[in-house]
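Colleague: Data: query_13.csv, CSV, C-alpha atoms.
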```csv
chain,number,residue,atom,x,y,z
J,4,LEU,CA,14.3,-9.0,4.8
J,5,VAL,CA,12.5,-5.7,4.1
J,6,HIS,CA,15.8,-3.8,4.4
J,7,ASN,CA,17.3,-6.0,1.7
J,8,MET,CA,14.3,-5.6,-0.6
J,9,VAL,CA,14.5,-1.8,-0.4
J,10,LEU,CA,18.2,-1.9,-1.3
J,11,LEU,CA,17.2,-3.4,-4.7
J,12,ALA,CA,15.6,-0.1,-5.6
J,13,GLY,CA,18.6,2.2,-5.1
J,14,ASP,CA,17.8,5.9,-5.5
J,15,LEU,CA,14.3,5.1,-6.6
J,16,PHE,CA,13.4,4.4,-2.9
J,17,LYS,CA,14.2,8.0,-2.1
J,18,ASP,CA,11.8,9.3,-4.8
J,19,PHE,CA,9.2,6.8,-3.6
J,20,ALA,CA,9.6,7.8,0.1
J,21,PHE,CA,9.4,11.5,-0.8
J,22,CYS,CA,6.2,11.1,-2.8
J,23,VAL,CA,4.6,8.9,-0.2
J,24,SER,CA,5.5,11.4,2.5
J,25,ILE,CA,3.9,14.2,0.5
J,26,LEU,CA,0.7,12.1,0.0
J,27,VAL,CA,0.5,11.2,3.7
J,28,LEU,CA,0.9,14.9,4.7
J,29,LYS,CA,-1.8,15.8,2.1
J,30,MET,CA,-4.1,13.3,3.7
J,31,PHE,CA,-3.5,14.7,7.1
J,32,PHE,CA,-4.2,18.2,5.8
J,33,VAL,CA,-7.5,17.1,4.4
J,34,ALA,CA,-8.4,15.4,7.7
J,35,PHE,CA,-7.7,18.5,9.6
J,36,PHE,CA,-9.5,20.6,7.0
J,37,THR,CA,-12.5,18.4,7.5
J,38,ALA,CA,-12.5,19.0,11.2
J,39,THR,CA,-12.1,22.8,10.6
J,40,LYS,CA,-15.1,22.8,8.3
J,41,ARG,CA,-17.1,20.9,10.9
J,42,PHE,CA,-16.4,23.5,13.6
J,43,GLN,CA,-17.0,26.4,11.2
J,44,THR,CA,-20.4,25.0,10.2
J,45,LYS,CA,-21.3,23.2,13.4
J,46,ALA,CA,-22.0,20.1,11.4
J,47,PHE,CA,-20.6,17.2,13.4
J,48,ALA,CA,-20.5,13.5,12.5
J,49,ASN,CA,-21.6,12.2,15.9
J,50,PRO,CA,-24.5,13.3,18.1
J,51,GLU,CA,-22.3,13.5,21.2
J,52,ASP,CA,-20.0,16.0,19.6
J,53,MET,CA,-20.6,19.5,20.9
J,54,GLY,CA,-23.5,18.2,23.1
J,55,ARG,CA,-25.9,18.0,20.2
J,56,LYS,CA,-28.7,15.4,20.1
J,57,LYS,CA,-29.0,15.5,16.3
J,58,GLN,CA,-26.4,15.2,13.6
J,59,ARG,CA,-26.2,17.9,11.0
J,60,VAL,CA,-25.0,17.6,7.5
J,61,ASP,CA,-23.4,20.4,5.6
J,62,ASP,CA,-22.4,20.3,1.9
J,63,ARG,CA,-19.2,22.1,2.6
J,64,VAL,CA,-18.1,19.5,5.1
J,65,GLU,CA,-19.2,16.7,2.9
J,66,ARG,CA,-17.1,17.9,0.0
J,67,VAL,CA,-14.0,17.8,2.1
J,68,ARG,CA,-14.9,14.5,3.6
J,69,ARG,CA,-15.4,13.0,0.1
J,70,VAL,CA,-11.9,14.2,-0.8
J,71,HIS,CA,-10.6,12.3,2.2
J,72,LEU,CA,-12.6,9.2,1.2
J,73,ASN,CA,-11.3,9.4,-2.3
J,74,ASP,CA,-7.7,9.5,-1.0
J,75,LEU,CA,-8.4,6.5,1.2
J,76,GLU,CA,-9.5,4.6,-1.9
J,77,ASN,CA,-6.5,5.5,-4.1
J,78,ILE,CA,-3.4,6.3,-2.1
J,79,PRO,CA,-3.0,3.0,-0.1
J,80,ALA,CA,-3.3,1.1,-3.4
J,81,PHE,CA,-0.6,3.2,-4.9
J,82,VAL,CA,1.7,2.8,-1.9
J,83,PHE,CA,1.3,-1.0,-1.9
J,84,VAL,CA,1.8,-1.3,-5.7
J,85,GLY,CA,4.6,1.2,-5.6
J,86,PHE,CA,6.4,-0.8,-3.0
J,87,LEU,CA,6.1,-4.0,-5.0
J,88,PHE,CA,7.1,-2.1,-8.1
J,89,LEU,CA,10.3,-0.9,-6.4
J,90,ASN,CA,11.3,-4.5,-5.9
J,91,ALA,CA,10.7,-5.6,-9.5
J,92,ASN,CA,14.0,-4.1,-10.7
J,93,PRO,CA,12.4,-1.1,-12.4
J,94,PRO,CA,14.4,1.4,-14.6
J,95,ALA,CA,15.4,4.8,-13.1
J,96,SER,CA,12.6,6.3,-15.2
J,97,ALA,CA,10.1,4.6,-12.9
J,98,ALA,CA,10.4,7.6,-10.7
J,99,TYR,CA,8.0,9.3,-13.1
J,100,TYR,CA,5.2,7.0,-11.9
J,101,PHE,CA,5.7,8.2,-8.3
J,102,TYR,CA,5.8,11.9,-9.2
J,103,VAL,CA,3.0,11.8,-11.7
J,104,PHE,CA,0.7,10.1,-9.2
J,105,THR,CA,1.7,12.5,-6.4
J,106,ILE,CA,1.1,15.6,-8.6
J,107,ALA,CA,-2.2,14.2,-9.9
J,108,ARG,CA,-3.5,13.6,-6.4
J,109,VAL,CA,-2.5,17.0,-5.1
J,110,LEU,CA,-4.2,18.6,-8.2
J,111,HIS,CA,-7.2,16.3,-7.8
J,112,THR,CA,-7.6,17.6,-4.2
J,113,ALA,CA,-7.4,21.2,-5.2
J,114,SER,CA,-9.8,20.6,-8.1
J,115,TYR,CA,-12.3,18.8,-5.8
J,116,LEU,CA,-12.2,21.5,-3.1
J,117,LEU,CA,-12.6,24.2,-5.7
J,118,ALA,CA,-15.3,22.3,-7.6
J,119,LEU,CA,-13.4,22.3,-10.9
J,120,GLN,CA,-14.7,19.9,-13.4
J,121,PRO,CA,-13.5,18.4,-15.7
J,122,PHE,CA,-10.1,18.8,-14.0
J,123,ARG,CA,-11.1,16.8,-11.0
J,124,ALA,CA,-11.9,13.8,-13.2
J,125,ILE,CA,-8.8,14.3,-15.4
J,126,PHE,CA,-6.5,14.3,-12.4
J,127,TYR,CA,-8.3,11.3,-10.8
J,128,PHE,CA,-7.9,9.2,-14.0
J,129,VAL,CA,-4.2,10.2,-14.4
J,130,GLY,CA,-3.6,8.8,-10.9
J,131,VAL,CA,-5.6,5.6,-11.6
J,132,ILE,CA,-3.9,5.0,-15.0
J,133,ASP,CA,-0.5,5.6,-13.3
J,134,THR,CA,-1.2,2.9,-10.7
J,135,VAL,CA,-2.7,0.5,-13.3
J,136,ALA,CA,0.4,0.9,-15.5
J,137,MET,CA,2.6,-0.1,-12.6
J,138,CYS,CA,0.3,-3.1,-12.0
J,139,VAL,CA,0.7,-4.1,-15.7
J,140,GLN,CA,4.5,-3.9,-15.4
J,141,LEU,CA,4.4,-6.0,-12.2
J,142,ILE,CA,2.3,-8.6,-13.9
J,143,THR,CA,4.7,-8.7,-16.8
J,144,TYR,CA,7.6,-8.9,-14.4
J,145,ALA,CA,6.0,-11.8,-12.6
J,146,ILE,CA,5.2,-13.7,-15.8
J,147,TYR,CA,8.7,-13.4,-17.4
```
Show me, as structure tokens, the structure contained in the file I just sent.

Modeller:
Amino acid sequence: LVHNMVLLAGDLFKDFAFCVSILVLKMFFVAFFTATKRFQTKAFANPEDMGRKKQRVDDRVERVRRVHLNDLENIPAFVFVGFLFLNANPPASAAYYFYVFTIARVLHTASYLLALQPFRAIFYFVGVIDTVAMCVQLITYAIY
């Protein structure tokens, strides 16, 4: 059943798969970067890590961790909506949604890590608006 659904999308599935792969790799990068920052600052999340009795918080670690949390709030929703969108018979131009979201999330991560406002907020909202636009098109598709 899933295989047949994906066939409806044609070449758009390749664009979607490429973008989702980039986003997943980016999330893994941020996770590993968080671990690297924890070791650099000796600020571990759990008291049993590195034999410490107390947890230590470091702003540099927390910034990277917040990037990861932000990804976890936004990327799964995009993937789910994007998969549904693929199966709503979208036009070929729908690939722009996938690339715009992916680029916005990569730039959001860079802006967050480098503490660049207002760029961080701009790239965040570009990604959100992109996902919301797909939702609106899906609702329209479902109604008509």

Colleague: With a distance cut-off of 9 Å and all atoms listed in the file, select the neighbouring residues of J:Val23, excluding the residue or stretch itself and same-chain residues fewer than 5 positions from it, and output the selection as a list in words.

Modeller: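 That gives Asp18, Leu28, Ile78, Val82, Phe101 and Thr105 of chain J.
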
Colleague: Would you mind reading off the distance between atom CA of J:Leu15 and atom CA of J:Ala95, one decimal, in Å?

Modeller: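 One can read the atom CA of J:Leu15 to atom CA of J:Ala95 distance as 6.6 Å.
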
Colleague: When you look at stretch 127-130 of chain J with a cut-off of 6 Å (counting all atoms listed in the file), what residues show up, excluding the ones that are within fewer than 2 positions of it in the same chain? I need them as a list in words.

Modeller: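 With the cut-off at 6 Å, the set is Phe104, Ala107, His111, Ala124, Ile125, Ile132 and Asp133 of chain J.
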
Colleague: Give as a ChimeraX atom specification every residue, naming chains and numbers as the document does, that has an atom within 12 Å of (2.1, 1.6, -16.9), counting all atoms listed in the file.

Modeller: /J:84-85,88,93,96-101,103-104,129-143

Colleague: Store the residues picked out above in a file with C-alpha atoms, as a PDB file, in the coordinates of the input.

Modeller:
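Result file follows (part31.pdb):
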```
ATOM      1  CA  VAL J  84       1.800  -1.300  -5.700  1.00  0.00           C
ATOM      2  CA  GLY J  85       4.600   1.200  -5.600  1.00  0.00           C
ATOM      3  CA  PHE J  88       7.100  -2.100  -8.100  1.00  0.00           C
ATOM      4  CA  PRO J  93      12.400  -1.100 -12.400  1.00  0.00           C
ATOM      5  CA  SER J  96      12.600   6.300 -15.200  1.00  0.00           C
ATOM      6  CA  ALA J  97      10.100   4.600 -12.900  1.00  0.00           C
ATOM      7  CA  ALA J  98      10.400   7.600 -10.700  1.00  0.00           C
ATOM      8  CA  TYR J  99       8.000   9.300 -13.100  1.00  0.00           C
ATOM      9  CA  TYR J 100       5.200   7.000 -11.900  1.00  0.00           C
ATOM     10  CA  PHE J 101       5.700   8.200  -8.300  1.00  0.00           C
ATOM     11  CA  VAL J 103       3.000  11.800 -11.700  1.00  0.00           C
ATOM     12  CA  PHE J 104       0.700  10.100  -9.200  1.00  0.00           C
ATOM     13  CA  VAL J 129      -4.200  10.200 -14.400  1.00  0.00           C
ATOM     14  CA  GLY J 130      -3.600   8.800 -10.900  1.00  0.00           C
ATOM     15  CA  VAL J 131      -5.600   5.600 -11.600  1.00  0.00           C
ATOM     16  CA  ILE J 132      -3.900   5.000 -15.000  1.00  0.00           C
ATOM     17  CA  ASP J 133      -0.500   5.600 -13.300  1.00  0.00           C
ATOM     18  CA  THR J 134      -1.200   2.900 -10.700  1.00  0.00           C
ATOM     19  CA  VAL J 135      -2.700   0.500 -13.300  1.00  0.00           C
ATOM     20  CA  ALA J 136       0.400   0.900 -15.500  1.00  0.00           C
ATOM     21  CA  MET J 137       2.600  -0.100 -12.600  1.00  0.00           C
ATOM     22  CA  CYS J 138       0.300  -3.100 -12.000  1.00  0.00           C
ATOM     23  CA  VAL J 139       0.700  -4.100 -15.700  1.00  0.00           C
ATOM     24  CA  GLN J 140       4.500  -3.900 -15.400  1.00  0.00           C
ATOM     25  CA  LEU J 141       4.400  -6.000 -12.200  1.00  0.00           C
ATOM     26  CA  ILE J 142       2.300  -8.600 -13.900  1.00  0.00           C
ATOM     27  CA  THR J 143       4.700  -8.700 -16.800  1.00  0.00           C
TER      28      THR J 143
END
```

Colleague: Counting all atoms listed in the file, figure out which residue out of J:Val60, J:Met30, J:Val109, J:Ala145 gets nearest to J:Thr44.

Modeller: J:Val60
